[in-house]
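Written out below as structure tokens is the structure these notes cover.
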Amino acid sequence: MSQTTRTVQLRVYRYKPGDPAPRYDTFAVTATPRTTVLEALQAIRRDQDPSLTLRHSCHHASCGTCGMVVNGREVLACVTLLADLDAPVTVEPLQNAPLISDLVVDMGPFYATFAQAGMPLVRTSENQAGSRPAPGVEALTRFESCLECGLCVSACPVAATDPLYLGPAALAAAWRVVQEPRGADPAQVLAWVDQEHGCWRCHLAFECSTVCPNEVQPGQSIAALRGRLVQGDGLRERPAGAAATPVPPPPAAQRRGLAAWFDPRGRDVGYWAFVLHRLTGLALVLYLALHLWVLSLLARGSQAWDDFIALARSPLFLALDVLLLFGVLFHGLNGLRVALVGLGVAAARHKTLFWMLMAVLVVALLIGGWGLVAAAHP
Amino acid sequence: MSAYHVVIIGGGATGAALAHDLTLRGVRVTVVERGEVTSGTTGRHHGLLHSGARYAVKDPESARECIQENTILRRIAPGSFELNDGLFVALTDEDLAYYDDFMEGCAATGIPTRTLSREEALRLEPNLNPDLKLAVQVPDGTMDAMRLPLRFLATAKHNGARVLPYHQVTELVFQGRAVAGVRGRDHARNRDFTLTADLVVNAAGPWAEHIARLAGVDVPVVPSPGVLVAVYGRWTHMVINRLHRAGDGDIVVPQRTLSVIGTSSWVVDDPDHLDVPEEHIRLMYEKGAEMIPALAQAPMRAAWAAARPLVGSRQAESGRELSRTFKVFDHADEGVEGFVTIVGGKATTARAMAEVTADLVVRKLGLDAPCRTREVVLLPHTAYYA
Ligand SMILES: Cc1cc2nc3c(=O)[nH]c(=O)nc-3n(C[C@H](O)[C@H](O)[C@H](O)COP(=O)(O)OP(=O)(O)OC[C@H]3O[C@@H](n4cnc5c(N)ncnc54)[C@H](O)[C@@H]3O)c2cc1C
Ligand code: SF4
Ligand code: FES
């Protein structure tokens with residue numbers, strides 16, 4: 001081909017059942033500006049190591065089988081160009097799914113949950129006469145846009161810790177059935193998601209919506225489900241005996257666990273907010289303990305108290321005070337956002353809402369910080 | 001279930017439909033596939049549930065197979081297709097000159113048609129080239145290239161078949177001159193495997209010749225790749241074909257929120273070496289935009305190639321001259337017992353291919369079991385993994 005080619009290094013996750021531990025193998029491949037991660041992996045399997053296993057089928061972001069974690073981000077390998085990635089390119093299997101071999105994960109648990117939403121793949125009601133013109137593409141966008149790729153589940157910090165969580169894809173499918181039942185019973189589906197491991201389990205990191213390759217926006221769907229449930233009609237419609245059916249625990253999946261709660265590297269703003277929310281929450285608990293201890297100084301007499309007051313005027317302590325103020329403001333304001341978005345308000349604009357509240361935070365922090373310093377050194 | 005065990009090499013549309021058919025006839029079936037199922041040609045096809053109209057003039061046998069299977073599949077795989085129909089649009093006088101032959105061919109092969117005036121066609125599909133002369137509506141449809149075969153496999157598994165992905169066959173096991181099993185490598189566990197069988201079916205699509213060579217026999221398969229280009233946007237609701245002899249870039253299939261333009265045709269030796277020539281991508285855009293002008297500006301989502309397993313002469317130049325029908329080979333004709341090859345066809349006709357192959361297989365095994373796949377409704381694709 002006439003195109004310029006170059007050599008790219010790929011660090012590929014390798015694991016076979018029985019191996020003591022996974023390892024990374026490095027391969028060099030020749031790439032054109034159009035070479036995808038999938039094509040590179042196929043070339044590795046063909047020319048360098050036939051034992052490399054991976055999933056692929058459609059090669060155009062339609063079947064959803066080629067989901068992987070590339071340079072720390074969930075992507076479809078068939079539409080991810082090597083040219084857009086920093087080398088060496090690290091390729092790993094999806095998270096929160098049982099690992100079978102190398103880049104292959106078991107989609108069994110995913111489909112077991114997903115299928116319960118009962119969403120048909122395509123409409124069955126369209127026929128010759130019903131053929132509709134296309135004024136714009138949006139009019140024909142259908143949720144059946146979900147490729148069932150599992151990227152959202154892999155990226156979800158809640159799925160990383162709760163193996164029973166229904167997960168973003170299944171919840172998005174559930175919302176589609178509520179929106180457009182096509183013969184299904186929405187009350188049944190609402191009852192299914194209205195459970196501890198259902199839509200209430202979501203902590204609104206919105207990373208699902210960020211990584212979704214087909215703009216399904218599962219995060220917004222989860223918020224919408226909650227909105228519908230609190231409006232009450234969902235609950236009233238709950239059919240007798242339709243209490244949430246417990247799902248059997250899936251086979252052991254590769255989960256990052258709590259590491260996923262505190263490591264937002266390479267993630268979008270919603271995820272950072274999620275992590276900061278947890279950190280500020282923990283910090284505030286610690287502060288409360290500290291505060292009680294400080295109050296206990298009162299019982300130890302005035303000398304102890306005066307020493308403390310002197311310490312409290314030191315620059316270090318003031319800096320900590322400002323940090324505390326930040327923690328309170330962040331946790332409070334982001335909590336407000338979580339509460340609103342979580343009930344379906346402004347879910348589509350959750351990022352805008354976040355940045356608006358952060359603007360409030362900055363102003364409040366400046367005024368409050370100045371106030372603190374002024375009070376300490378009048 | 002009978003004691004007979006049949007191993008099918010290849011987990012594409014053909015192997016999947018055959019596994020379903022044989023399982024329903026009471027045969028014990030194991031499918032071995034070197035990668036993920038449908039990772040060969042099948043998953044990469046255009047996503048067209050053929051009405052057969054494309055072949056009505058030059059390849060009536062394929063056309064007939066397509067329209068019959070189209071009708072059966074709608075019945076046994078409800079929910080797997082968009083029943084969105086297709087249009088054949090005439091843009092030039094040359095296209096118009098083809099109209100009579102086309103209508104005659106469709107009538108002769110049993111493909112229902114409805115001729116639309118320019119205005120009617122534009123009312124249904126406003127994004128079509130406004131210069132079109134007329135259009136013919138046919139029962140094409142959009143299908144999911146992966147999920148239909150998954151339904152065959154899911155149903156087969158449910159009925160007792162075994163599906164072994166990441167199992168690559170490297171050798172056939174012989175008993176005298178008869179094939180009695182397969183040997184190969186299980187890549188998922190990094191170990192060798194051997195499966196004994198009463199009969200082995202080679203359903204390896206464009207790799208069928210390679211598998212046949214393991215038995216010392218020859219099947220005339222020509223791997224004939226085609227380039228497909230998926231662009232963002234669903235610019236039409238129906239499948240849009242050019243009313244013309246089959247040619248490059250003569251069809252656009254809407255798939256979910258994408259439009260897929262296809263295809264080209266050439267021949268290669270090795271189906272594992274398919275590149276996507278830049279000029280084919282340009283050609284798809286150019287030809288697609290003749291029918292739907294907006295495609296010219298639609299950003300590209302992906303471009304890829306897949307190899308048709310065409311049956312025919314190795315001297316073929318572009319593959320277009322070869323029929324799209326299928327052929328079953330009983331290699332007993334060449335002195336090798338216990339070994340059957342099925343190649344060619346279309347994903348649309350996989351069930352029919354399976355029926356003919358299974359008829360031969362049960363006859364060879366001495367079983368009396370009729371085909372039931374015309375009636376049995378398939379399980380949903382989600383049942384394959386779950
Ligand atoms: C560009 C293009 C567009 C097409 N569009 C359409 C369309 O719109 N509609 C339609 O109906 N048809 C279409 N077709 C035709 C259709 O895709 C094929 O006819 C069909 O998919 C062939 O299926 P198969 O199972 O025979 O082959 P494959 O799907 O190729 O299956 C063979 C399998 O054998 C496996 N295999 C190979 N070697 C070994 C080994 N040593 N051990 C184990 N397994 C092995 C391979 O991995 C592969 O999965 C199109 C074809 C092409 C090329
Ligand atoms: S919601 Fe998006 S990310 Fe999740 S499975 Fe569906 S397509 Fe994939
Ligand atoms: S191979 Fe189908 S989505 Fe990538």
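Identifiers in the structure tokens: chain A, B, ... in order shown; residue index from 1 per chain; ligand index from 1 in order shown.
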
Could you produce a table of the residues of stretch 155-260 of chain A lying within 10 Å of stretch 109-117 of chain A, with the nearest pair of atoms per residue and their separation in Å rounded to one decimal, using only C-alpha atoms, ordered by chain and increasing residue number, as JSON lines?
{"residue": "A:Pro163", "atom": "CA", "partner": "A:Pro109", "partner_atom": "CA", "distance": 9.8}
{"residue": "A:Leu164", "atom": "CA", "partner": "A:Thr113", "partner_atom": "CA", "distance": 9.5}
{"residue": "A:Tyr165", "atom": "CA", "partner": "A:Thr113", "partner_atom": "CA", "distance": 9.3}
{"residue": "A:Leu166", "atom": "CA", "partner": "A:Thr113", "partner_atom": "CA", "distance": 6.4}
{"residue": "A:Gly167", "atom": "CA", "partner": "A:Thr113", "partner_atom": "CA", "distance": 8.3}
{"residue": "A:Pro168", "atom": "CA", "partner": "A:Phe114", "partner_atom": "CA", "distance": 9.5}
{"residue": "A:Ala169", "atom": "CA", "partner": "A:Phe114", "partner_atom": "CA", "distance": 6.9}
{"residue": "A:Ala170", "atom": "CA", "partner": "A:Phe114", "partner_atom": "CA", "distance": 4.5}
{"residue": "A:Leu171", "atom": "CA", "partner": "A:Ala117", "partner_atom": "CA", "distance": 7.6}
{"residue": "A:Ala172", "atom": "CA", "partner": "A:Ala117", "partner_atom": "CA", "distance": 8.9}
{"residue": "A:Ala173", "atom": "CA", "partner": "A:Ala117", "partner_atom": "CA", "distance": 6.0}
{"residue": "A:Ala174", "atom": "CA", "partner": "A:Ala117", "partner_atom": "CA", "distance": 5.0}
{"residue": "A:Trp175", "atom": "CA", "partner": "A:Ala117", "partner_atom": "CA", "distance": 8.7}
{"residue": "A:Arg176", "atom": "CA", "partner": "A:Ala117", "partner_atom": "CA", "distance": 9.0}
{"residue": "A:Val177", "atom": "CA", "partner": "A:Ala117", "partner_atom": "CA", "distance": 7.3}
{"residue": "A:Val178", "atom": "CA", "partner": "A:Ala117", "partner_atom": "CA", "distance": 9.8}
{"residue": "A:Ala184", "atom": "CA", "partner": "A:Ala117", "partner_atom": "CA", "distance": 9.6}
{"residue": "A:Pro186", "atom": "CA", "partner": "A:Ala117", "partner_atom": "CA", "distance": 9.7}
{"residue": "A:Gln188", "atom": "CA", "partner": "A:Ala117", "partner_atom": "CA", "distance": 9.3}
{"residue": "A:Val189", "atom": "CA", "partner": "A:Ala117", "partner_atom": "CA", "distance": 6.5}
{"residue": "A:Leu190", "atom": "CA", "partner": "A:Ala117", "partner_atom": "CA", "distance": 9.6}
{"residue": "A:Trp192", "atom": "CA", "partner": "A:Ala117", "partner_atom": "CA", "distance": 8.3}
{"residue": "A:Val193", "atom": "CA", "partner": "A:Ala117", "partner_atom": "CA", "distance": 9.1}
{"residue": "A:Val247", "atom": "CA", "partner": "A:Thr113", "partner_atom": "CA", "distance": 8.0}
{"residue": "A:Pro248", "atom": "CA", "partner": "A:Pro109", "partner_atom": "CA", "distance": 9.7}
{"residue": "A:Pro249", "atom": "CA", "partner": "A:Pro109", "partner_atom": "CA", "distance": 8.8}
{"residue": "A:Pro250", "atom": "CA", "partner": "A:Pro109", "partner_atom": "CA", "distance": 5.7}
{"residue": "A:Pro251", "atom": "CA", "partner": "A:Pro109", "partner_atom": "CA", "distance": 7.5}
{"residue": "A:Ala252", "atom": "CA", "partner": "A:Pro109", "partner_atom": "CA", "distance": 9.9}
{"residue": "A:Ala253", "atom": "CA", "partner": "A:Pro109", "partner_atom": "CA", "distance": 9.1}

Which residues of chain B come within 6 Å of chain A, and for each one, what is the closest pair of atoms and their distance in Å to one decimal, counting only C-alpha atoms, sorted by chain and residue number, as CSV?
residue,atom,partner,partner_atom,distance
B:Glu36,CA,A:Arg55,CA,5.4
B:Thr38,CA,A:Ser57,CA,5.8
B:Ser39,CA,A:Ser57,CA,4.4
B:Gly43,CA,A:Ser57,CA,4.4
B:Arg44,CA,A:Cys58,CA,4.3
B:Gly79,CA,A:Thr124,CA,5.5
B:Leu83,CA,A:Asn127,CA,5.4
B:Asn84,CA,A:Asn127,CA,5.9
B:Leu124,CA,A:Pro133,CA,5.1
B:Glu125,CA,A:Pro133,CA,5.1
B:His187,CA,A:Ser51,CA,5.0
B:Ala188,CA,A:Ser101,CA,5.3
B:Arg189,CA,A:Lys16,CA,5.6
B:Gly233,CA,A:Val137,CA,5.7
B:Arg234,CA,A:Val137,CA,5.5
B:Thr257,CA,A:Thr141,CA,5.9
B:Ala302,CA,A:His60,CA,5.1
B:Thr382,CA,A:Tyr111,CA,5.8
B:Tyr385,CA,A:Gly108,CA,4.7
B:Ala386,CA,A:Gly108,CA,4.2

Residue selection dump (N, CA and C atoms) as a compact mmCIF listing (two decimals), in the first residue's frame:
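Here's the written file out_4.txt:
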# COMPACT_ATOMS: atom_id res chain seq x y z
N GLU B 36 -13.59 -17.03 18.15
CA GLU B 36 -14.94 -16.86 18.69
C GLU B 36 -15.90 -17.29 17.58
N THR B 38 -18.63 -17.09 14.80
CA THR B 38 -18.92 -16.04 13.80
C THR B 38 -17.75 -15.07 13.56
N SER B 39 -16.53 -15.49 13.92
CA SER B 39 -15.41 -14.59 13.70
C SER B 39 -14.82 -14.72 12.30
N GLY B 43 -19.68 -13.03 10.68
CA GLY B 43 -19.95 -11.82 11.47
C GLY B 43 -19.74 -10.56 10.67
N ARG B 44 -18.94 -10.64 9.62
CA ARG B 44 -18.54 -9.44 8.87
C ARG B 44 -19.40 -9.20 7.65
N GLY B 79 -37.99 -11.33 15.36
CA GLY B 79 -37.22 -10.38 16.17
C GLY B 79 -35.79 -10.22 15.70
N LEU B 83 -38.01 -5.66 9.36
CA LEU B 83 -38.78 -5.95 8.15
C LEU B 83 -38.93 -4.65 7.38
N ASN B 84 -37.80 -4.12 6.98
CA ASN B 84 -37.79 -2.77 6.42
C ASN B 84 -37.83 -2.73 4.89
N LEU B 124 -41.14 8.00 0.48
CA LEU B 124 -40.73 6.99 1.46
C LEU B 124 -39.30 7.22 1.92
N GLU B 125 -38.46 7.63 1.01
CA GLU B 125 -37.02 7.79 1.32
C GLU B 125 -36.53 9.13 0.77
N HIS B 187 -6.83 -23.31 22.07
CA HIS B 187 -6.05 -22.11 22.40
C HIS B 187 -6.45 -21.48 23.73
N ALA B 188 -7.68 -21.72 24.15
CA ALA B 188 -8.10 -21.12 25.42
C ALA B 188 -7.36 -21.76 26.58
N ARG B 189 -7.04 -23.02 26.46
CA ARG B 189 -6.33 -23.71 27.55
C ARG B 189 -4.90 -24.08 27.19
N GLY B 233 -24.95 7.50 10.60
CA GLY B 233 -26.23 8.01 10.14
C GLY B 233 -27.04 6.95 9.43
N ARG B 234 -28.32 6.98 9.72
CA ARG B 234 -29.22 6.06 9.06
C ARG B 234 -29.95 6.89 8.00
N THR B 257 -27.88 2.60 13.76
CA THR B 257 -27.71 4.01 13.44
C THR B 257 -26.60 4.23 12.41
N ALA B 302 -16.24 2.69 10.09
CA ALA B 302 -15.29 1.59 9.92
C ALA B 302 -15.28 1.14 8.46
N THR B 382 -29.50 -14.25 23.17
CA THR B 382 -28.95 -14.11 24.52
C THR B 382 -28.76 -15.47 25.18
N TYR B 385 -24.97 -17.27 25.22
CA TYR B 385 -23.95 -17.08 26.26
C TYR B 385 -24.48 -17.38 27.64
N ALA B 386 -25.74 -17.05 27.86
CA ALA B 386 -26.28 -17.16 29.21
C ALA B 386 -26.42 -18.61 29.64

Worksheet item: Near A:Tyr24, counting only C-alpha atoms, which residues have an atom at most 7 Å away, once you skip same-chain residues fewer than 6 positions from it, shown as a count of residues only?
Response: 4

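The gap separating atom CA of B:Thr109 from atom CA of B:Gly262 is 24.2 Å, in Å to one decimal.
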
Worksheet entry | Protein and nucleic residues near ligand 1, 7 Å, only C-alpha atoms and all ligand atoms, as a ChimeraX atom specification | /B:9-15,32-35,37-50,167-170,203-207,211,224-228,263,305-309,343-349

I need the chosen residues saved as a JSON list (two decimals), in the first residue's frame, with C-alpha atoms.
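The resulting file, part.json, is reproduced below:
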[["chain", "number", "residue", "atom", "x", "y", "z"],
["B", 9, "ILE", "CA", -15.46, -27.69, 11.64],
["B", 10, "GLY", "CA", -16.39, -23.99, 11.56],
["B", 11, "GLY", "CA", -18.68, -21.93, 13.75],
["B", 12, "GLY", "CA", -20.02, -19.57, 11.08],
["B", 13, "ALA", "CA", -23.57, -19.31, 9.77],
["B", 14, "THR", "CA", -23.26, -22.62, 7.94],
["B", 15, "GLY", "CA", -21.83, -24.60, 10.86],
["B", 32, "VAL", "CA", -15.16, -26.73, 16.71],
["B", 33, "GLU", "CA", -14.27, -23.16, 15.83],
["B", 34, "ARG", "CA", -10.76, -21.76, 15.86],
["B", 35, "GLY", "CA", -11.80, -18.34, 17.21],
["B", 37, "VAL", "CA", -18.03, -18.16, 16.88],
["B", 38, "THR", "CA", -18.92, -16.04, 13.80],
["B", 39, "SER", "CA", -15.41, -14.59, 13.70],
["B", 40, "GLY", "CA", -14.89, -15.74, 10.10],
["B", 41, "THR", "CA", -16.87, -14.35, 7.20],
["B", 42, "THR", "CA", -20.22, -14.59, 8.89],
["B", 43, "GLY", "CA", -19.95, -11.82, 11.47],
["B", 44, "ARG", "CA", -18.54, -9.44, 8.87],
["B", 45, "HIS", "CA", -21.20, -9.77, 6.21],
["B", 46, "HIS", "CA", -23.38, -6.93, 5.03],
["B", 47, "GLY", "CA", -26.38, -7.66, 7.21],
["B", 48, "LEU", "CA", -28.78, -8.14, 4.34],
["B", 49, "LEU", "CA", -31.62, -10.62, 4.59],
["B", 50, "HIS", "CA", -31.68, -11.22, 0.85],
["B", 167, "HIS", "CA", -10.41, -24.92, 19.08],
["B", 168, "GLN", "CA", -8.37, -24.97, 15.89],
["B", 169, "VAL", "CA", -8.36, -28.14, 13.82],
["B", 170, "THR", "CA", -4.88, -28.96, 12.52],
["B", 203, "ALA", "CA", -17.99, -26.00, 7.16],
["B", 204, "ALA", "CA", -14.93, -23.78, 7.22],
["B", 205, "GLY", "CA", -16.21, -21.26, 4.66],
["B", 206, "PRO", "CA", -13.33, -19.66, 2.76],
["B", 207, "TRP", "CA", -10.94, -21.92, 4.72],
["B", 211, "ILE", "CA", -9.42, -28.23, 5.69],
["B", 224, "SER", "CA", -13.41, -13.70, -2.79],
["B", 225, "PRO", "CA", -13.19, -10.68, -0.49],
["B", 226, "GLY", "CA", -15.34, -7.61, -0.58],
["B", 227, "VAL", "CA", -14.92, -4.26, 1.16],
["B", 228, "LEU", "CA", -17.70, -2.79, 3.25],
["B", 263, "THR", "CA", -19.28, -4.02, -1.76],
["B", 305, "ALA", "CA", -13.15, -6.77, 4.31],
["B", 306, "ALA", "CA", -14.59, -10.27, 4.41],
["B", 307, "ALA", "CA", -14.03, -13.22, 2.11],
["B", 308, "ARG", "CA", -16.91, -14.96, 0.36],
["B", 309, "PRO", "CA", -16.48, -18.70, 0.15],
["B", 343, "VAL", "CA", -19.46, -24.37, 1.00],
["B", 344, "GLY", "CA", -20.81, -21.37, -0.82],
["B", 345, "GLY", "CA", -24.24, -19.85, -0.38],
["B", 346, "LYS", "CA", -25.16, -16.89, 1.74],
["B", 347, "ALA", "CA", -25.88, -16.33, 5.38],
["B", 348, "THR", "CA", -29.50, -15.98, 4.26],
["B", 349, "THR", "CA", -29.49, -19.51, 2.88]]

Discussion item. Let's see if you can do this: from backbone DSSP, list all helix (DSSP H, G or I) residues in stretch 163-368 of chain A, as number ranges by chain.
Written reply: A: 168-179, 186-193, 199-201, 207-211, 218-231, 233-236, 259-262, 269-300, 302-312, 315-342, 347-368

Worksheet item: Can you tell me, as a VMD selection string, what residues are no more than 9 Å from B:Tyr99 when counting only C-alpha atoms, ignoring any on the same chain fewer than 2 positions away?
Response: chain B and resid 90 95 to 97 101 to 104 136 243 to 244

Discussion item. Between atom CA of B:Gly176 and atom CA of B:Phe193, what distance in Å does the model show, to one decimal?
Written reply: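 One can read the atom CA of B:Gly176 to atom CA of B:Phe193 distance as 20.7 Å.
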
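Nearest residue to ligand 2 among A:Thr161, A:Gln303, A:Thr5, A:Ser209 is A:Ser209, counting only C-alpha atoms and all ligand atoms.
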
Worksheet item: Closest to ligand 3 among B:Gly52, B:Ala161, B:Ala289, B:Trp304, using only C-alpha atoms and all ligand atoms?
Response: B:Trp304

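Interatomic distance, atom CA of A:Gly368 to atom CA of A:Leu340: 25.2 Å.
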
Worksheet item: Residues of stretch 56-222 of chain B in strand (DSSP E or B) according to DSSP, as a ChimeraX atom specification?
Response: /B:81-82,86-90,114-117,134-138,141-143,162-164,167-175,178-186,191-196,199-202,221-222

Discussion item. Taking 6 positions as the minimum chain separation for residues in the same chain, which residues sit within 9 Å of B:Val260 when counting only C-alpha atoms? Answer as a list in words.
Written reply: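 What passes the distance filter is His46, Gly47, Leu228, Val229, Ala230, Val231, Tyr232, Ile251, Val252, Val253 and Pro254 of chain B.
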
For N, CA, C and O atoms, I'd like the residues from the last selection saved as a short mmCIF file (atom, residue, chain, number, x, y, z; two decimals), in the first residue's frame.
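Listed below is the output, selection31.cif:
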data_model
loop_
_atom_site.label_atom_id
_atom_site.label_comp_id
_atom_site.auth_asym_id
_atom_site.auth_seq_id
_atom_site.Cartn_x
_atom_site.Cartn_y
_atom_site.Cartn_z
N HIS B 46 -22.75 -8.24 5.21
CA HIS B 46 -23.38 -6.93 5.03
C HIS B 46 -24.63 -6.72 5.88
O HIS B 46 -25.10 -5.60 6.05
N GLY B 47 -25.17 -7.80 6.39
CA GLY B 47 -26.38 -7.66 7.21
C GLY B 47 -27.64 -7.59 6.38
O GLY B 47 -28.66 -7.07 6.83
N LEU B 228 -16.48 -3.44 2.77
CA LEU B 228 -17.70 -2.79 3.25
C LEU B 228 -17.29 -1.54 4.02
O LEU B 228 -16.27 -1.53 4.70
N VAL B 229 -18.10 -0.49 3.90
CA VAL B 229 -17.80 0.76 4.59
C VAL B 229 -19.04 1.18 5.39
O VAL B 229 -20.12 1.35 4.82
N ALA B 230 -18.88 1.31 6.70
CA ALA B 230 -19.99 1.76 7.55
C ALA B 230 -19.82 3.24 7.82
O ALA B 230 -18.75 3.68 8.24
N VAL B 231 -20.87 4.02 7.55
CA VAL B 231 -20.81 5.45 7.84
C VAL B 231 -21.85 5.79 8.89
O VAL B 231 -22.84 5.07 9.06
N TYR B 232 -21.61 6.87 9.60
CA TYR B 232 -22.55 7.31 10.61
C TYR B 232 -23.85 7.78 9.95
O TYR B 232 -23.82 8.40 8.89
N ILE B 251 -25.10 -1.36 -3.13
CA ILE B 251 -26.11 -1.56 -2.09
C ILE B 251 -25.72 -0.86 -0.78
O ILE B 251 -24.55 -0.83 -0.40
N VAL B 252 -26.73 -0.29 -0.13
CA VAL B 252 -26.55 0.36 1.16
C VAL B 252 -27.55 -0.24 2.14
O VAL B 252 -28.75 -0.22 1.89
N VAL B 253 -27.03 -0.83 3.21
CA VAL B 253 -27.91 -1.46 4.20
C VAL B 253 -27.90 -0.62 5.48
O VAL B 253 -26.83 -0.41 6.05
N PRO B 254 -29.06 -0.10 5.90
CA PRO B 254 -29.08 0.61 7.18
C PRO B 254 -29.01 -0.40 8.32
O PRO B 254 -29.74 -1.39 8.31
#

Discussion item. For a quick check of understanding, using only C-alpha atoms and all ligand atoms, which of A:Pro20, A:Pro98, A:Pro213, A:Gly183 has the smallest distance to ligand 3?
Written reply: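 Counting only C-alpha atoms and all ligand atoms, the residue closest to ligand 3 is A:Pro213.
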
Discussion item. Can you tell me which residues surround A:Ala260 at a distance of at most 9 Å, considering only C-alpha atoms, apart from same-chain residues fewer than 2 positions away, and format the answer as a ChimeraX atom specification?
Written reply: /A:155-158,160-161,255-258,262-264,275

Could you save the residues just selected, with N, CA, C and O atoms, as a PDB file, in the first residue's frame?
ATOM      1  N   ALA A 155     -16.522  -0.523  33.073  1.00  0.00           N
ATOM      2  CA  ALA A 155     -16.079   0.798  33.548  1.00  0.00           C
ATOM      3  C   ALA A 155     -16.761   1.212  34.842  1.00  0.00           C
ATOM      4  O   ALA A 155     -16.352   2.183  35.473  1.00  0.00           O
ATOM      5  N   CYS A 156     -17.793   0.485  35.249  1.00  0.00           N
ATOM      6  CA  CYS A 156     -18.625   0.937  36.368  1.00  0.00           C
ATOM      7  C   CYS A 156     -17.965   0.637  37.721  1.00  0.00           C
ATOM      8  O   CYS A 156     -17.646  -0.508  38.025  1.00  0.00           O
ATOM      9  N   PRO A 157     -17.753   1.684  38.554  1.00  0.00           N
ATOM     10  CA  PRO A 157     -17.115   1.439  39.849  1.00  0.00           C
ATOM     11  C   PRO A 157     -18.019   0.662  40.812  1.00  0.00           C
ATOM     12  O   PRO A 157     -17.508   0.021  41.734  1.00  0.00           O
ATOM     13  N   VAL A 158     -19.322   0.715  40.595  1.00  0.00           N
ATOM     14  CA  VAL A 158     -20.209  -0.039  41.486  1.00  0.00           C
ATOM     15  C   VAL A 158     -20.168  -1.525  41.128  1.00  0.00           C
ATOM     16  O   VAL A 158     -20.086  -2.391  42.000  1.00  0.00           O
ATOM     17  N   ALA A 160     -17.720  -2.919  40.146  1.00  0.00           N
ATOM     18  CA  ALA A 160     -16.420  -3.397  40.612  1.00  0.00           C
ATOM     19  C   ALA A 160     -16.493  -3.942  42.031  1.00  0.00           C
ATOM     20  O   ALA A 160     -15.627  -4.699  42.449  1.00  0.00           O
ATOM     21  N   THR A 161     -17.519  -3.538  42.776  1.00  0.00           N
ATOM     22  CA  THR A 161     -17.599  -4.002  44.164  1.00  0.00           C
ATOM     23  C   THR A 161     -18.840  -4.836  44.446  1.00  0.00           C
ATOM     24  O   THR A 161     -18.882  -5.553  45.426  1.00  0.00           O
ATOM     25  N   ARG A 255     -12.685  -8.510  39.329  1.00  0.00           N
ATOM     26  CA  ARG A 255     -13.149  -7.203  39.771  1.00  0.00           C
ATOM     27  C   ARG A 255     -12.020  -6.440  40.427  1.00  0.00           C
ATOM     28  O   ARG A 255     -11.247  -7.009  41.191  1.00  0.00           O
ATOM     29  N   ARG A 256     -11.952  -5.139  40.170  1.00  0.00           N
ATOM     30  CA  ARG A 256     -10.912  -4.347  40.798  1.00  0.00           C
ATOM     31  C   ARG A 256     -11.256  -4.056  42.239  1.00  0.00           C
ATOM     32  O   ARG A 256     -10.423  -3.623  43.012  1.00  0.00           O
ATOM     33  N   GLY A 257     -12.523  -4.254  42.610  1.00  0.00           N
ATOM     34  CA  GLY A 257     -12.916  -4.009  43.989  1.00  0.00           C
ATOM     35  C   GLY A 257     -12.767  -2.544  44.340  1.00  0.00           C
ATOM     36  O   GLY A 257     -12.921  -1.672  43.483  1.00  0.00           O
ATOM     37  N   LEU A 258     -12.395  -2.281  45.597  1.00  0.00           N
ATOM     38  CA  LEU A 258     -12.354  -0.898  46.059  1.00  0.00           C
ATOM     39  C   LEU A 258     -11.318  -0.052  45.329  1.00  0.00           C
ATOM     40  O   LEU A 258     -11.413   1.172  45.313  1.00  0.00           O
ATOM     41  N   PHE A 262     -11.231   4.419  44.064  1.00  0.00           N
ATOM     42  CA  PHE A 262     -10.294   5.492  44.407  1.00  0.00           C
ATOM     43  C   PHE A 262      -9.278   5.772  43.309  1.00  0.00           C
ATOM     44  O   PHE A 262      -8.333   6.502  43.512  1.00  0.00           O
ATOM     45  N   ASP A 263      -9.453   5.131  42.166  1.00  0.00           N
ATOM     46  CA  ASP A 263      -8.488   5.343  41.089  1.00  0.00           C
ATOM     47  C   ASP A 263      -9.185   5.870  39.841  1.00  0.00           C
ATOM     48  O   ASP A 263      -9.653   5.099  39.014  1.00  0.00           O
ATOM     49  N   PRO A 264      -9.251   7.172  39.703  1.00  0.00           N
ATOM     50  CA  PRO A 264      -9.984   7.739  38.565  1.00  0.00           C
ATOM     51  C   PRO A 264      -9.106   8.029  37.358  1.00  0.00           C
ATOM     52  O   PRO A 264      -9.525   8.734  36.451  1.00  0.00           O
ATOM     53  N   VAL A 275     -15.140   9.667  42.871  1.00  0.00           N
ATOM     54  CA  VAL A 275     -13.993   9.375  43.738  1.00  0.00           C
ATOM     55  C   VAL A 275     -13.823  10.460  44.808  1.00  0.00           C
ATOM     56  O   VAL A 275     -13.677  10.168  45.997  1.00  0.00           O
TER      57      VAL A 275
END
